[in-house]
Amino acid sequence: MAESAEIILDGKSYSFPVIEGTEHEKAIDIAKLRDQTGYITIDSGYKNTGATKSAITFLDGEEGILRYRGYPIEQLAEQSSFLEVAYLLIYGTLPTQAELDEFSNQITKHTLVHEDVRKIFDGFPSAAHPMAILSSLICALTAFYPESVSPDLSKENIDLNVIRLMAKLPTIAAWTYKNNMGHPLNYPRNDLDYAANFLYMMFSFPTEKYEINPVVVRAINKLLILHADHEQNCSTSTVRLVGSANASLYGSVSAGINALWGPLHGGANQEVVEMLEAIQRDGGDTSKFIAKAKDKNDPFRLMGFGHRVYKNFDPRAKIIKKAADEVLTALGISDPLLKIAQELEQAALTDPYFVERKLYPNVDFYSGIIYKAIGIPTEMFTVMFALGRLPGWIAQWKEMRENKEPIGRPRQVYTGELDRDYTPIEQR
Ligand code: SDX
């Protein structure tokens with residue numbers, strides 16, 4: 001491996017150190033570039049730029065590898081639970097039974113939200129998108145816990161904020177759905193585990209008992225595990241950047257929720273199902289939509305396809321595709337959208353346009369099929385993504401704060417007007 005990188009600028013040679021990660025990823029450390037050369041780098045979308053060193057998640061886009069703290073996602077999805085994976089991401093090790101019980105009990109104790117939060121709900125129009133409500137109410141937690149805005153957070157304070165957020169986001173998420181449907185809100189139950197409690201708060205009615213189906217609980221755990229972290233994606237980088245200003249965990253995660261809502265990021269899972277429904281309404285001709293996706297004059301993209309990092313396959317998509325088959329079979333559901341999705345995938349995987357650009361199904365392509373089978377409405381799909389990604393956002397925020405990383409403040413290359421004098425309006 002090269003020990004350093006040499007850059008020659010204006011006839012002068014400069015040397016910069018090379019660093020190597022535990023998985024042999026290499027980077028040129030340009031921390032002193034501007035001081036030594038007067039130059040900066042520019043990399044729109046940070047496609048070639050590392051923002052940090054992290055020990056949380058490793059992914060290899062070429063090989064389709066994804067590991068949380070070294071554990072392969074395939075093993076965690078099949079053998080672990082979402083709370084166990086959340087503990088692993090946040091604290092760095094798989095918990096003992098006693099540690100997991102304590103973590104779970106602490107979360108159970110904090111699932112209620114302040115009654116004044118309900119009053120904030122009343123201020124939203126009933127048609128408000130659940131992600132708008134979720135990001136607002138998660139940020140509002142800073143008002144209920146002002147001590148969370150502090151530069152010198154103690155371990156106890158950070159841990160309490162972690163527990164509060166893990167506990168209250170599912171309650172608020174379920175309430176956004178109930179608010180959207182005009183249904184009475186369900187309060188959390190202490191006798192149910194994390195996924196079952198969320199399903200109960202989502203679907204229970206005063207007039208009829210909601211039967212918790214273990215197949216659905218298992219599917220929710222698997223989906224939340226698969227969404228739990230993904231190193232420096234758009235929303236996680238947002239959480240880190242906001243948190244680097246010593247903003248509270250709640251305010252940082254609220255910013256991440258807004259980034260995730262973007263249709264190019266987590267909002268894609270809602271767009272995928274809406275795309276599949278549009279293809280179904282149009283008669284199911286997938287080739288027509290493949291052609292649209294390839295047409296540069298058509299803004300249409302095959303939602304759920306492509307990824308900034310995975311240029312082979314998204315390992316999560318393979319697991320979710322298999323889970324979609326299993327859940328629909330177990331629930332006795334035949335969803336024509338699944339067949340359209342499978343046809344789209346097959347068509348794209350043999351089409352040179354997609355093959356040349358290495359566009360494969362990503363995590364969002366099949367997840368909506370399962371959410372729909374469970375009865376979760378399309379507008380709640382990205383809320384489900386946020387529920388899953390929460391421990392990843394927390395872990396990354398915590399790592400950034402514990403490593404005392406500096407406030408994020410990128411540079412720019414100015415391309416605007418040169419120096420000029422102000423002219424009074426009558427002279428313009
Ligand atoms: C997530 O970062 C993460 O890890 C994100 C995520 C996570 O867990 O946090 O994995 C979750 O966000 C998954 C991605 C969900 N988004 C979508 O499914 C939306 C559809 N896909 C894209 O818009 C796109 O593929 C991105 C945004 C995912 C990646 O965009 P890039 O890396 O910036 O690639 P690009 O836009 O520069 O595209 C490269 C080429 C272009 O064609 P050319 O200009 O070379 O001719 O591929 C084309 C694009 O037009 N292209 C597509 C396409 N995606 C890329 N063409 C048709 N359909 C698509 N879906």
# chains A, B, ... in the order shown; residues from 1 in each chain; ligands from 1

$ residues_around --residues "Leu185 in chain A" --least-positions-apart "5" --cutoff "8 Å" --atoms "only C-alpha atoms" --output "NGL selection string"
:A and (175 or 178-179 or 201)

$ write_last_selection --atoms "N, CA and C atoms" --output "PDB file, in the first residue's frame"
ATOM      1  N   TRP A 175     -48.775   7.104  16.284  1.00  0.00           N
ATOM      2  CA  TRP A 175     -49.761   8.180  16.457  1.00  0.00           C
ATOM      3  C   TRP A 175     -49.913   9.008  15.189  1.00  0.00           C
ATOM      4  N   LYS A 178     -52.417   7.092  13.239  1.00  0.00           N
ATOM      5  CA  LYS A 178     -53.778   7.186  13.787  1.00  0.00           C
ATOM      6  C   LYS A 178     -54.349   8.586  13.534  1.00  0.00           C
ATOM      7  N   ASN A 179     -53.472   9.599  13.659  1.00  0.00           N
ATOM      8  CA  ASN A 179     -53.897  10.993  13.425  1.00  0.00           C
ATOM      9  C   ASN A 179     -54.320  11.160  11.965  1.00  0.00           C
ATOM     10  N   MET A 201     -50.091  -0.446  18.616  1.00  0.00           N
ATOM     11  CA  MET A 201     -50.407   1.000  18.606  1.00  0.00           C
ATOM     12  C   MET A 201     -50.899   1.440  17.227  1.00  0.00           C
TER      13      MET A 201
END

$ residues_near_ligand --ligand "ligand 1" --cutoff "9 Å" --atoms "only C-alpha atoms and all ligand atoms" --output "PyMOL selection string"
chain A and resi 45+47+226-236+260+262-269+271-272+290+292-296+299-310+314+316+353-354+356-365+385+389

$ select_by_dssp --residues "range 307-418 of chain A" --states "helix (DSSP H, G or I)" --output "JSON, numbers by chain"
{"A": [315, 316, 317, 318, 319, 320, 321, 322, 323, 324, 325, 326, 327, 328, 329, 330, 336, 337, 338, 339, 340, 341, 342, 343, 344, 345, 346, 347, 348, 349, 352, 353, 354, 355, 356, 364, 365, 366, 367, 368, 369, 370, 371, 372, 373, 374, 378, 379, 380, 381, 382, 383, 384, 385, 386, 387, 388, 389, 390, 391, 392, 393, 394, 395, 396, 397, 398, 399, 400, 401, 402]}

$ closest_residue --among "A:Val239, A:Thr423, A:Val215, A:Asp285" --to "Gly332 in chain A" --atoms "only C-alpha atoms"
A:Val215

$ residues_around --residues "range 148-165 of chain A" --least-positions-apart "4" --cutoff "7 Å" --atoms "only C-alpha atoms" --output "ChimeraX atom specification"
/A:106-107,110,142,169,246-248,394

$ select_by_dssp --residues "range 66-272 of chain A" --states "strand (DSSP E or B)" --output "PyMOL selection string"
chain A and resi 66-68+71-72+205+208

$ write_last_selection --atoms "all heavy atoms" --output "mmCIF file, in the first residue's frame"
data_model
loop_
_atom_site.group_PDB
_atom_site.id
_atom_site.type_symbol
_atom_site.label_atom_id
_atom_site.label_comp_id
_atom_site.auth_asym_id
_atom_site.auth_seq_id
_atom_site.Cartn_x
_atom_site.Cartn_y
_atom_site.Cartn_z
ATOM 1 N N LEU A 66 -22.526 -6.257 3.698
ATOM 2 C CA LEU A 66 -22.988 -5.295 4.696
ATOM 3 C C LEU A 66 -22.865 -5.955 6.062
ATOM 4 O O LEU A 66 -23.398 -7.049 6.289
ATOM 5 C CB LEU A 66 -24.447 -4.904 4.441
ATOM 6 C CG LEU A 66 -25.123 -4.011 5.491
ATOM 7 C CD1 LEU A 66 -24.361 -2.700 5.688
ATOM 8 C CD2 LEU A 66 -26.576 -3.717 5.109
ATOM 9 N N ARG A 67 -22.078 -5.321 6.994
ATOM 10 C CA ARG A 67 -21.889 -5.872 8.339
ATOM 11 C C ARG A 67 -22.088 -4.764 9.365
ATOM 12 O O ARG A 67 -21.596 -3.639 9.188
ATOM 13 C CB ARG A 67 -20.459 -6.415 8.495
ATOM 14 C CG ARG A 67 -20.102 -7.527 7.525
ATOM 15 C CD ARG A 67 -18.793 -8.230 7.910
ATOM 16 N NE ARG A 67 -18.230 -8.966 6.784
ATOM 17 C CZ ARG A 67 -17.075 -8.645 6.161
ATOM 18 N NH1 ARG A 67 -16.375 -7.612 6.607
ATOM 19 N NH2 ARG A 67 -16.635 -9.323 5.128
ATOM 20 N N TYR A 68 -22.784 -5.068 10.441
ATOM 21 C CA TYR A 68 -22.950 -4.147 11.576
ATOM 22 C C TYR A 68 -21.957 -4.585 12.656
ATOM 23 O O TYR A 68 -22.049 -5.726 13.141
ATOM 24 C CB TYR A 68 -24.348 -4.243 12.169
ATOM 25 C CG TYR A 68 -25.497 -3.812 11.295
ATOM 26 C CD1 TYR A 68 -26.789 -4.270 11.577
ATOM 27 C CD2 TYR A 68 -25.352 -2.954 10.213
ATOM 28 C CE1 TYR A 68 -27.879 -3.891 10.797
ATOM 29 C CE2 TYR A 68 -26.435 -2.559 9.438
ATOM 30 C CZ TYR A 68 -27.693 -3.026 9.733
ATOM 31 O OH TYR A 68 -28.770 -2.651 8.970
ATOM 32 N N TYR A 71 -20.682 -8.049 12.164
ATOM 33 C CA TYR A 71 -21.606 -9.190 11.998
ATOM 34 C C TYR A 71 -22.348 -9.068 10.667
ATOM 35 O O TYR A 71 -22.972 -8.039 10.392
ATOM 36 C CB TYR A 71 -22.609 -9.232 13.152
ATOM 37 C CG TYR A 71 -21.982 -9.477 14.508
ATOM 38 C CD1 TYR A 71 -21.690 -8.416 15.356
ATOM 39 C CD2 TYR A 71 -21.643 -10.768 14.919
ATOM 40 C CE1 TYR A 71 -21.101 -8.627 16.593
ATOM 41 C CE2 TYR A 71 -21.032 -10.985 16.153
ATOM 42 C CZ TYR A 71 -20.765 -9.904 16.988
ATOM 43 O OH TYR A 71 -20.163 -10.116 18.207
ATOM 44 N N PRO A 72 -22.332 -10.103 9.822
ATOM 45 C CA PRO A 72 -23.000 -10.032 8.511
ATOM 46 C C PRO A 72 -24.501 -9.820 8.651
ATOM 47 O O PRO A 72 -25.140 -10.429 9.519
ATOM 48 C CB PRO A 72 -22.708 -11.393 7.867
ATOM 49 C CG PRO A 72 -21.520 -11.921 8.595
ATOM 50 C CD PRO A 72 -21.620 -11.393 10.002
ATOM 51 N N PHE A 205 -57.967 -1.257 17.773
ATOM 52 C CA PHE A 205 -59.166 -0.395 17.789
ATOM 53 C C PHE A 205 -59.894 -0.625 19.103
ATOM 54 O O PHE A 205 -59.922 -1.746 19.598
ATOM 55 C CB PHE A 205 -60.116 -0.822 16.660
ATOM 56 C CG PHE A 205 -59.971 0.001 15.418
ATOM 57 C CD1 PHE A 205 -59.317 -0.507 14.309
ATOM 58 C CD2 PHE A 205 -60.483 1.296 15.369
ATOM 59 C CE1 PHE A 205 -59.178 0.253 13.161
ATOM 60 C CE2 PHE A 205 -60.344 2.055 14.217
ATOM 61 C CZ PHE A 205 -59.696 1.529 13.113
ATOM 62 N N GLU A 208 -62.391 -3.441 18.442
ATOM 63 C CA GLU A 208 -62.054 -4.853 18.152
ATOM 64 C C GLU A 208 -60.610 -5.134 18.554
ATOM 65 O O GLU A 208 -59.726 -4.322 18.396
ATOM 66 C CB GLU A 208 -62.248 -5.144 16.654
ATOM 67 C CG GLU A 208 -61.339 -4.323 15.745
ATOM 68 C CD GLU A 208 -61.612 -4.601 14.268
ATOM 69 O OE1 GLU A 208 -62.513 -3.934 13.720
ATOM 70 O OE2 GLU A 208 -60.919 -5.470 13.696
#

$ residues_around --residues "Gly368 in chain A" --least-positions-apart "5" --cutoff "9 Å" --atoms "only C-alpha atoms" --output "PyMOL selection string"
chain A and resi 269-270+272-273+373+376+378+381

$ write_last_selection --atoms "all heavy atoms" --output "mmCIF file, in the first residue's frame"
data_model
loop_
_atom_site.group_PDB
_atom_site.id
_atom_site.type_symbol
_atom_site.label_atom_id
_atom_site.label_comp_id
_atom_site.auth_asym_id
_atom_site.auth_seq_id
_atom_site.Cartn_x
_atom_site.Cartn_y
_atom_site.Cartn_z
ATOM 1 N N ASN A 269 -39.138 4.121 -1.047
ATOM 2 C CA ASN A 269 -40.002 2.942 -0.838
ATOM 3 C C ASN A 269 -41.475 3.281 -1.109
ATOM 4 O O ASN A 269 -42.230 2.463 -1.633
ATOM 5 C CB ASN A 269 -39.794 2.327 0.546
ATOM 6 C CG ASN A 269 -40.011 3.292 1.693
ATOM 7 O OD1 ASN A 269 -40.580 4.377 1.532
ATOM 8 N ND2 ASN A 269 -39.562 2.892 2.878
ATOM 9 N N GLN A 270 -41.851 4.522 -0.789
ATOM 10 C CA GLN A 270 -43.233 4.932 -1.120
ATOM 11 C C GLN A 270 -43.364 5.092 -2.626
ATOM 12 O O GLN A 270 -44.337 4.633 -3.246
ATOM 13 C CB GLN A 270 -43.555 6.261 -0.423
ATOM 14 C CG GLN A 270 -44.890 6.858 -0.834
ATOM 15 C CD GLN A 270 -45.259 8.114 -0.056
ATOM 16 O OE1 GLN A 270 -44.671 8.428 0.976
ATOM 17 N NE2 GLN A 270 -46.258 8.835 -0.536
ATOM 18 N N VAL A 272 -41.752 3.530 -4.934
ATOM 19 C CA VAL A 272 -41.741 2.228 -5.640
ATOM 20 C C VAL A 272 -43.153 1.687 -5.752
ATOM 21 O O VAL A 272 -43.616 1.334 -6.844
ATOM 22 C CB VAL A 272 -40.836 1.213 -4.901
ATOM 23 C CG1 VAL A 272 -41.052 -0.211 -5.428
ATOM 24 C CG2 VAL A 272 -39.376 1.602 -5.043
ATOM 25 N N VAL A 273 -43.886 1.657 -4.643
ATOM 26 C CA VAL A 273 -45.244 1.086 -4.675
ATOM 27 C C VAL A 273 -46.154 1.950 -5.531
ATOM 28 O O VAL A 273 -46.959 1.449 -6.318
ATOM 29 C CB VAL A 273 -45.802 0.900 -3.241
ATOM 30 C CG1 VAL A 273 -47.287 0.591 -3.269
ATOM 31 C CG2 VAL A 273 -45.044 -0.227 -2.553
ATOM 32 N N ALA A 373 -48.674 -5.678 2.604
ATOM 33 C CA ALA A 373 -49.312 -6.949 3.018
ATOM 34 C C ALA A 373 -49.685 -6.901 4.495
ATOM 35 O O ALA A 373 -50.686 -7.492 4.912
ATOM 36 C CB ALA A 373 -48.361 -8.104 2.746
ATOM 37 N N ILE A 376 -49.854 -1.671 6.309
ATOM 38 C CA ILE A 376 -49.272 -0.343 6.529
ATOM 39 C C ILE A 376 -49.481 0.483 5.257
ATOM 40 O O ILE A 376 -49.117 0.038 4.174
ATOM 41 C CB ILE A 376 -47.776 -0.463 6.877
ATOM 42 C CG1 ILE A 376 -47.617 -1.174 8.235
ATOM 43 C CG2 ILE A 376 -47.095 0.902 6.893
ATOM 44 C CD1 ILE A 376 -46.197 -1.521 8.613
ATOM 45 N N THR A 378 -49.155 3.325 2.268
ATOM 46 C CA THR A 378 -47.974 3.770 1.523
ATOM 47 C C THR A 378 -47.293 4.974 2.176
ATOM 48 O O THR A 378 -46.078 5.045 2.265
ATOM 49 C CB THR A 378 -48.391 4.128 0.080
ATOM 50 O OG1 THR A 378 -49.203 3.068 -0.407
ATOM 51 C CG2 THR A 378 -47.193 4.298 -0.825
ATOM 52 N N PHE A 381 -44.641 4.232 4.720
ATOM 53 C CA PHE A 381 -43.468 3.394 4.420
ATOM 54 C C PHE A 381 -42.168 4.070 4.872
ATOM 55 O O PHE A 381 -41.292 3.430 5.451
ATOM 56 C CB PHE A 381 -43.395 3.119 2.917
ATOM 57 C CG PHE A 381 -44.428 2.160 2.398
ATOM 58 C CD1 PHE A 381 -45.418 1.628 3.220
ATOM 59 C CD2 PHE A 381 -44.421 1.801 1.057
ATOM 60 C CE1 PHE A 381 -46.365 0.738 2.720
ATOM 61 C CE2 PHE A 381 -45.367 0.911 0.546
ATOM 62 C CZ PHE A 381 -46.344 0.385 1.382
#

$ atom_distance --atom1 "CA of Val18 in chain A" --atom2 "CA of Tyr91 in chain A"
28.9 Å

$ closest_residue --among "A:Pro352, A:Ile374, A:Thr176, A:Ala386" --to "Trp261 in chain A" --atoms "only C-alpha atoms"
A:Ala386

$ residues_around --residues "Met1 in chain A" --least-positions-apart "5" --cutoff "10 Å" --atoms "only C-alpha atoms" --output "MDAnalysis selection string"
chainID A and resid 18:20 24 26

$ closest_residue --among "A:Pro95, A:Tyr371, A:Gly392, A:Tyr46" --to "Leu199 in chain A" --atoms "only C-alpha atoms"
A:Tyr371
